[in-house]
>>> print(open('coords.txt').read())   # compact mmCIF, C-alpha atoms
# COMPACT_ATOMS: atom_id res chain seq x y z
CA MET A 98 0.00 0.00 0.00
CA ILE A 99 2.80 2.40 0.93
CA GLU A 100 4.62 1.59 -2.30
CA TRP A 101 1.41 2.19 -4.25
CA ILE A 102 1.09 5.63 -2.67
CA ALA A 103 4.77 6.53 -2.96
CA GLU A 104 5.40 5.37 -6.52
CA PRO A 105 4.05 8.48 -8.34
CA LEU A 106 5.85 10.76 -5.88
CA GLY A 107 9.21 9.41 -6.98
CA TYR A 108 9.12 11.71 -10.01
CA SER A 109 9.63 15.44 -9.56
CA PHE A 110 7.15 16.43 -12.29
CA LEU A 111 4.46 14.31 -10.62
CA VAL A 112 5.21 15.86 -7.23
CA ARG A 113 4.67 19.29 -8.81
CA GLY A 114 1.37 18.12 -10.23
CA PHE A 115 0.36 16.59 -6.89
CA VAL A 116 1.02 19.82 -4.96
CA ALA A 117 -0.67 21.93 -7.66
CA ALA A 118 -3.76 19.70 -7.64
CA ILE A 119 -4.18 19.97 -3.86
CA MET A 120 -3.75 23.75 -3.92
CA ILE A 121 -6.25 24.07 -6.75
CA GLY A 122 -8.74 21.82 -4.96
CA ILE A 123 -8.58 24.02 -1.87
CA ILE A 124 -8.78 27.34 -3.73
CA CYS A 125 -11.70 26.20 -5.87
CA ALA A 126 -13.66 25.05 -2.83
CA VAL A 127 -13.05 28.24 -0.82
CA VAL A 128 -14.18 30.46 -3.69
CA GLY A 129 -16.87 27.90 -4.49
CA THR A 130 -18.66 28.57 -1.20
CA PHE A 131 -19.49 32.06 -2.48
CA VAL A 132 -20.33 30.70 -5.94
CA VAL A 133 -22.85 28.25 -4.44
CA LEU A 134 -24.31 30.94 -2.16
CA LYS A 135 -24.62 33.59 -4.86
CA GLY A 136 -25.43 31.27 -7.79
CA LEU A 137 -22.40 32.22 -9.90
CA ALA A 138 -21.85 28.84 -11.58
CA PHE A 139 -22.91 30.19 -15.00
CA ILE A 140 -20.55 33.15 -14.86
CA GLY A 141 -17.79 30.83 -13.66
CA ASP A 142 -18.30 28.66 -16.72
CA ALA A 143 -18.30 31.75 -18.94
CA LEU A 144 -15.07 33.07 -17.40
CA ALA A 145 -13.42 29.69 -17.92
CA HIS A 146 -14.21 29.71 -21.64
CA ILE A 147 -13.25 33.37 -21.94
CA ALA A 148 -9.92 32.58 -20.27
CA PHE A 149 -9.30 30.08 -23.08
CA THR A 150 -9.26 32.96 -25.56
CA GLY A 151 -6.64 34.67 -23.41
CA ILE A 152 -4.59 31.46 -23.45
CA VAL A 153 -4.77 31.31 -27.26
CA VAL A 154 -3.64 34.94 -27.54
CA ALA A 155 -0.78 34.23 -25.14
CA PHE A 156 0.39 31.26 -27.20
CA LEU A 157 0.23 33.18 -30.46
CA ALA A 158 2.01 36.21 -28.97
CA GLY A 159 4.61 34.12 -27.14
CA PHE A 160 4.05 35.13 -23.51
CA SER A 161 2.86 33.33 -20.37
CA PHE A 162 -0.61 31.83 -20.62
CA TYR A 163 -1.33 33.05 -17.07
CA ILE A 164 -1.07 36.66 -18.23
CA GLY A 165 -3.35 36.12 -21.21
CA ALA A 166 -5.93 34.06 -19.33
CA LEU A 167 -6.01 36.34 -16.31
CA ALA A 168 -6.31 39.50 -18.41
CA ALA A 169 -9.14 38.03 -20.50
CA ALA A 170 -11.05 36.72 -17.46
CA VAL A 171 -10.71 39.88 -15.36
CA ILE A 172 -11.58 42.22 -18.25
CA ALA A 173 -14.62 40.06 -19.05
CA ALA A 174 -15.72 39.96 -15.39
CA LEU A 175 -15.57 43.75 -15.16
CA GLY A 176 -17.10 44.17 -18.62
CA ILE A 177 -20.09 41.98 -17.80
CA GLY A 178 -21.01 44.20 -14.87
CA ALA A 179 -20.42 47.41 -16.83
CA VAL A 180 -22.48 46.31 -19.84
CA SER A 181 -25.33 45.13 -17.62
CA GLN A 182 -25.46 48.46 -15.78
CA ARG A 183 -25.11 50.62 -18.90
CA THR A 184 -27.52 48.79 -21.24
CA GLY A 185 -30.07 47.60 -18.71
CA VAL A 186 -29.97 44.01 -20.00
CA SER A 187 -29.91 41.25 -17.41
CA THR A 188 -26.62 39.95 -16.05
CA ASP A 189 -27.29 36.52 -17.57
CA THR A 190 -27.77 38.12 -20.98
CA SER A 191 -24.50 40.06 -20.64
CA ILE A 192 -22.71 36.87 -19.62
CA GLY A 193 -24.12 35.04 -22.63
CA ILE A 194 -22.97 37.79 -25.00
CA PHE A 195 -19.42 37.90 -23.60
CA PHE A 196 -19.24 34.11 -23.28
CA SER A 197 -20.19 33.32 -26.87
CA GLY A 198 -18.44 36.26 -28.52
CA ILE A 199 -15.06 36.03 -26.80
CA PHE A 200 -14.94 32.22 -26.90
CA ALA A 201 -15.73 32.35 -30.63
CA LEU A 202 -12.80 34.73 -31.03
CA GLY A 203 -10.60 32.17 -29.30
CA VAL A 204 -11.73 29.42 -31.66
CA VAL A 205 -10.97 31.61 -34.68
CA LEU A 206 -7.55 32.58 -33.33
CA MET A 207 -6.75 28.96 -32.51
CA SER A 208 -7.41 28.01 -36.14
CA ILE A 209 -4.68 30.47 -37.15
CA GLY A 210 -2.00 28.59 -35.23
CA ILE A 211 -3.62 25.16 -35.28
CA GLN A 212 -0.65 23.31 -36.78
CA THR A 213 1.76 24.52 -34.11
CA TYR A 214 -0.35 24.81 -30.99
CA THR A 215 -3.19 22.28 -31.25
CA ILE A 216 -1.77 19.77 -28.75
CA ASP A 217 -0.77 22.38 -26.18
CA LEU A 218 -4.07 24.23 -26.42
CA PHE A 219 -6.19 21.10 -26.12
CA SER A 220 -4.39 20.23 -22.88
CA TYR A 221 -5.94 23.39 -21.42
CA LEU A 222 -9.41 22.30 -22.50
CA PHE A 223 -9.34 19.01 -20.58
CA GLY A 224 -6.49 19.47 -18.11
CA ASP A 225 -3.04 17.91 -17.93
CA ILE A 226 -1.52 17.85 -14.47
CA LEU A 227 1.69 16.34 -15.86
CA SER A 228 2.38 19.58 -17.73
CA VAL A 229 2.78 21.63 -14.52
CA ARG A 230 6.31 23.03 -14.53
CA ARG A 231 8.22 24.60 -11.65
CA ASP A 232 7.29 28.13 -12.79
CA ASP A 233 3.64 27.07 -13.13
CA LEU A 234 3.61 25.68 -9.58
CA ILE A 235 5.08 28.92 -8.23
CA SER A 236 2.43 30.93 -10.11
CA ILE A 237 -0.34 28.70 -8.74
CA LEU A 238 0.95 29.04 -5.18
CA ILE A 239 1.33 32.83 -5.44
CA LEU A 240 -2.02 33.50 -7.13
CA GLY A 241 -3.80 30.98 -4.93
CA GLY A 242 -2.25 32.49 -1.82
CA ILE A 243 -3.44 35.95 -2.87
CA VAL A 244 -6.99 34.65 -3.37
CA LEU A 245 -7.05 32.97 0.04
CA ALA A 246 -5.54 36.03 1.75
CA VAL A 247 -8.09 38.42 0.23
CA ILE A 248 -10.97 36.15 1.25
CA LEU A 249 -9.57 35.92 4.78
CA VAL A 250 -9.30 39.71 5.08
CA PHE A 251 -12.72 40.49 3.55
CA TYR A 252 -14.54 37.33 4.66
CA LYS A 253 -17.44 38.98 6.52
CA GLU A 254 -17.93 41.70 3.92
CA LEU A 255 -17.92 39.25 1.00
CA LEU A 256 -20.34 36.96 2.81
CA PHE A 257 -22.73 39.81 3.61
CA VAL A 258 -22.74 41.25 0.09
CA SER A 259 -23.14 37.77 -1.42
CA PHE A 260 -26.15 37.00 0.74
CA ASP A 261 -27.94 40.35 0.43
CA PRO A 262 -26.17 43.14 -1.52
CA VAL A 263 -29.02 45.63 -0.96
CA VAL A 264 -28.91 45.33 2.82
CA ALA A 265 -25.09 45.30 2.71
CA GLU A 266 -25.08 48.61 0.85
CA SER A 267 -27.58 50.05 3.30
CA ALA A 268 -25.23 49.04 6.10
CA GLY A 269 -22.48 51.16 4.54
CA LEU A 270 -20.56 48.51 2.62
CA PRO A 271 -19.35 49.23 -0.95
CA ALA A 272 -21.53 46.46 -2.37
CA ARG A 273 -20.69 46.95 -6.06
CA ARG A 274 -16.95 47.02 -5.43
CA LEU A 275 -17.16 43.91 -3.26
CA GLN A 276 -19.15 42.08 -5.92
CA MET A 277 -16.53 43.05 -8.51
CA LEU A 278 -13.83 41.84 -6.13
CA LEU A 279 -15.61 38.50 -5.86
CA LEU A 280 -15.75 38.22 -9.65
CA ILE A 281 -12.03 39.00 -9.89
CA LEU A 282 -11.27 36.33 -7.28
CA LEU A 283 -13.38 33.89 -9.28
CA SER A 284 -11.46 34.86 -12.42
CA VAL A 285 -8.10 34.23 -10.75
CA THR A 286 -9.34 30.88 -9.42
CA VAL A 287 -10.41 29.83 -12.90
CA VAL A 288 -7.02 30.78 -14.34
CA VAL A 289 -4.96 28.87 -11.76
CA SER A 290 -7.17 25.79 -12.21
CA VAL A 291 -7.26 25.35 -15.98
CA GLN A 292 -3.92 23.56 -16.27
CA ALA A 293 -4.94 20.80 -13.85
CA VAL A 294 -8.63 20.29 -14.58
CA GLY A 295 -9.13 22.13 -17.88
CA ILE A 296 -11.52 24.78 -19.16
CA VAL A 297 -14.34 22.28 -19.63
CA LEU A 298 -14.31 20.99 -16.04
CA VAL A 299 -13.07 23.88 -13.91
CA VAL A 300 -16.56 24.93 -12.83
CA ALA A 301 -17.23 21.43 -11.52
CA MET A 302 -14.28 21.77 -9.14
CA ILE A 303 -15.48 25.19 -8.03
CA VAL A 304 -19.03 24.03 -7.33
CA THR A 305 -18.99 20.32 -6.43
CA PRO A 306 -16.80 20.23 -3.27
CA SER A 307 -18.66 23.22 -1.81
CA ALA A 308 -22.03 21.70 -2.70
CA THR A 309 -20.92 18.51 -0.96
CA ALA A 310 -19.97 20.45 2.15
CA TYR A 311 -23.27 22.35 2.03
CA MET A 312 -25.13 19.11 2.71
CA LEU A 313 -23.25 18.53 5.96
CA THR A 314 -23.37 21.82 7.88
CA ASP A 315 -25.52 24.81 8.80
CA ARG A 316 -22.54 27.16 9.22
CA PHE A 317 -20.97 29.00 6.32
CA GLY A 318 -17.44 28.99 7.78
CA VAL A 319 -17.61 25.26 8.44
CA MET A 320 -18.94 24.77 4.92
CA MET A 321 -15.88 26.57 3.54
CA ILE A 322 -13.49 24.40 5.57
CA LEU A 323 -15.27 21.16 4.67
CA GLY A 324 -15.36 22.24 1.02
CA ALA A 325 -11.58 22.74 1.10
CA VAL A 326 -11.18 19.26 2.59
CA PHE A 327 -13.39 17.72 -0.11
CA GLY A 328 -11.52 19.70 -2.77
CA ALA A 329 -8.16 18.43 -1.52
CA LEU A 330 -9.45 14.84 -1.29
CA SER A 331 -10.82 15.10 -4.83
CA ALA A 332 -7.45 16.35 -6.06
CA ILE A 333 -5.51 13.59 -4.31
CA GLY A 334 -7.92 10.84 -5.39
CA GLY A 335 -8.04 12.18 -8.94
CA PHE A 336 -4.24 12.40 -9.09
CA TYR A 337 -3.80 8.70 -8.26
CA PHE A 338 -6.74 7.71 -10.46
CA SER A 339 -5.21 9.63 -13.36
CA TYR A 340 -1.76 8.08 -12.79
CA TYR A 341 -2.77 4.43 -12.46
CA ALA A 342 -5.67 4.42 -14.93
CA ASP A 343 -3.77 6.60 -17.46
CA VAL A 344 -6.71 8.98 -17.94
CA PRO A 345 -6.82 12.81 -18.16
CA SER A 346 -6.26 14.46 -14.79
CA GLY A 347 -9.16 16.88 -15.12
CA GLY A 348 -11.75 14.20 -15.70
CA ALA A 349 -10.30 12.01 -12.94
CA ILE A 350 -10.34 14.78 -10.32
CA VAL A 351 -13.90 15.83 -11.17
CA LEU A 352 -15.11 12.20 -11.15
CA VAL A 353 -13.77 11.77 -7.62
CA ALA A 354 -15.41 15.04 -6.54
CA THR A 355 -18.72 13.95 -8.06
CA THR A 356 -18.46 10.55 -6.37
CA LEU A 357 -17.94 12.22 -2.98
CA PHE A 358 -20.98 14.41 -3.66
CA ALA A 359 -23.10 11.36 -4.54
CA ILE A 360 -22.03 9.51 -1.38
CA VAL A 361 -22.85 12.47 0.87
CA ALA A 362 -26.14 13.07 -0.97
CA ILE A 363 -27.18 9.48 -0.23
CA ILE A 364 -26.07 9.17 3.38
CA GLY A 365 -25.96 12.80 4.52
CA PRO A 366 -28.68 14.68 6.44
CA LYS A 367 -31.46 16.54 4.69
CA ARG A 368 -30.40 20.09 3.86
CA ARG A 369 -31.84 23.21 5.38
CA SER A 370 -32.20 26.68 3.91
CA LEU A 371 -29.32 28.86 2.77
CA HIS A 372 -30.85 31.61 4.91
CA LYS A 373 -30.16 29.53 8.01
CA LEU A 374 -26.68 28.71 6.73
CA VAL A 375 -25.60 32.34 6.52
CA GLY A 376 -28.04 34.09 8.85
CA GLY A 377 -25.73 34.33 11.88
CA ASN A 378 -22.75 35.28 9.76
CA THR A 379 -24.50 38.18 8.03
CA GLU A 380 -25.68 39.60 11.32
CA SER A 381 -22.09 39.83 12.52
CA ALA A 382 -21.04 41.27 9.15
CA GLY A 383 -23.55 44.08 9.38
CA ASN A 384 -21.08 46.19 11.34
CA PRO A 385 -17.71 45.19 9.92
CA ALA A 386 -14.58 46.39 11.63
>>> encode(input="coords.txt", output="structure tokens")
Amino acid sequence: MIEWIAEPLGYSFLVRGFVAAIMIGIICAVVGTFVVLKGLAFIGDALAHIAFTGIVVAFLAGFSFYIGALAAAVIAALGIGAVSQRTGVSTDTSIGIFFSGIFALGVVLMSIGIQTYTIDLFSYLFGDILSVRRDDLISILILGGIVLAVILVFYKELLFVSFDPVVAESAGLPARRLQMLLLILLSVTVVVSVQAVGIVLVVAMIVTPSATAYMLTDRFGVMMILGAVFGALSAIGGFYFSYYADVPSGGAIVLVATTLFAIVAIIGPKRRSLHKLVGGNTESAGNPA
């Protein structure tokens, strides 16, 4: 058993992938608690596909994919809010416009460099944990650390504005800025996750561990911690599944996360209301320090 566990960790590139997968599982789950609370799964999916266009531009221009993906995702996140406010169309409609238009641009640009970049670009669609290099791991740790630090600092404010932005603004909080901050954090999370789980599956890692935790607790903070545990377990299980079954890492990690969700859904307690989940937390956030 010990040899079975230790075998993949005898290779430095697999150790990098292992550490990256765990970090990504934790980050996705922490941000995912707000995504589940606020119902941002659709925008998360849109940002993931928009980030792909940034990756294509980065490959064609010859610079780091993190820069391209992050710029595309953040600009789109801010643009969605701006277009919705200026035009009066619903947020979902704005997301759909940005999602389809920018992703289509990525497909067109990919066709330009298809002979040279097809293999590399497709690895970002479905995830390839074996492709995590030392510089990639450092970027994941730095960006992920920033996301976790910001959430720790603004935890109460982000929770309050996610639960009820109108009341939060009435209480003196900059609700719009906090909502934009949450979208930026979601964008960064998407970008750091695409290499391990891929554009297609990144939203599953953001939503599923947190949804699993949601079925087990009535406290938002506990839900966040449990989600991080489920995210890390999904990453570890998916890593070994991917190694021994020789299947894509993204699909393996998400399958483990989905299996954990199914198990908890079957044997876990019946869920209560989200209002009960966050009620005590928002009361304490009403007068933030």
>>> atom_distance(input="coords.txt", atom1="CA of Leu175 (chain A)", atom2="CA of Ser284 (chain A)")
10.2 Å
>>> atom_distance(input="coords.txt", atom1="CA of Ala349 (chain A)", atom2="CA of Gly328 (chain A)")
12.8 Å
>>> closest_residue(input="coords.txt", among="A:Ala293, A:Ile360, A:Val263, A:Ala168", to="Ser228 (chain A)", atoms="only C-alpha atoms")
A:Ala293
>>> residues_around(input="coords.txt", residues="Leu137 (chain A)", least_positions_apart="5", cutoff="12 Å", atoms="only C-alpha atoms", output="PyMOL selection string")
chain A and resi 128-132+142-144+174+188-189+192+259+276+279-280+283-284+300+303-304
>>> closest_residue(input="coords.txt", among="A:Val116, A:Leu270, A:Val288, A:Val153", to="Leu206 (chain A)", atoms="only C-alpha atoms")
A:Val153
>>> atom_distance(input="coords.txt", atom1="CA of Gly347 (chain A)", atom2="CA of Ile121 (chain A)")
11.4 Å
>>> residues_near_point(input="coords.txt", point="(-25.3, 13.0, 5.5)", cutoff="12 Å", atoms="all atoms listed in the file", output="list in words")
Thr309, Ala310, Tyr311, Met312, Leu313, Thr314, Leu357, Phe358, Ala359, Ile360, Val361, Ala362, Ile363, Ile364, Gly365, Pro366, Lys367 and Arg368 of chain A
>>> write_last_selection(input="coords.txt", atoms="C-alpha atoms", output="PDB file, in the frame of the given file")
ATOM      1  CA  THR A 309     -20.920  18.510  -0.960  1.00  0.00           C
ATOM      2  CA  ALA A 310     -19.970  20.450   2.150  1.00  0.00           C
ATOM      3  CA  TYR A 311     -23.270  22.350   2.030  1.00  0.00           C
ATOM      4  CA  MET A 312     -25.130  19.110   2.710  1.00  0.00           C
ATOM      5  CA  LEU A 313     -23.250  18.530   5.960  1.00  0.00           C
ATOM      6  CA  THR A 314     -23.370  21.820   7.880  1.00  0.00           C
ATOM      7  CA  LEU A 357     -17.940  12.220  -2.980  1.00  0.00           C
ATOM      8  CA  PHE A 358     -20.980  14.410  -3.660  1.00  0.00           C
ATOM      9  CA  ALA A 359     -23.100  11.360  -4.540  1.00  0.00           C
ATOM     10  CA  ILE A 360     -22.030   9.510  -1.380  1.00  0.00           C
ATOM     11  CA  VAL A 361     -22.850  12.470   0.870  1.00  0.00           C
ATOM     12  CA  ALA A 362     -26.140  13.070  -0.970  1.00  0.00           C
ATOM     13  CA  ILE A 363     -27.180   9.480  -0.230  1.00  0.00           C
ATOM     14  CA  ILE A 364     -26.070   9.170   3.380  1.00  0.00           C
ATOM     15  CA  GLY A 365     -25.960  12.800   4.520  1.00  0.00           C
ATOM     16  CA  PRO A 366     -28.680  14.680   6.440  1.00  0.00           C
ATOM     17  CA  LYS A 367     -31.460  16.540   4.690  1.00  0.00           C
ATOM     18  CA  ARG A 368     -30.400  20.090   3.860  1.00  0.00           C
TER      19      ARG A 368
END
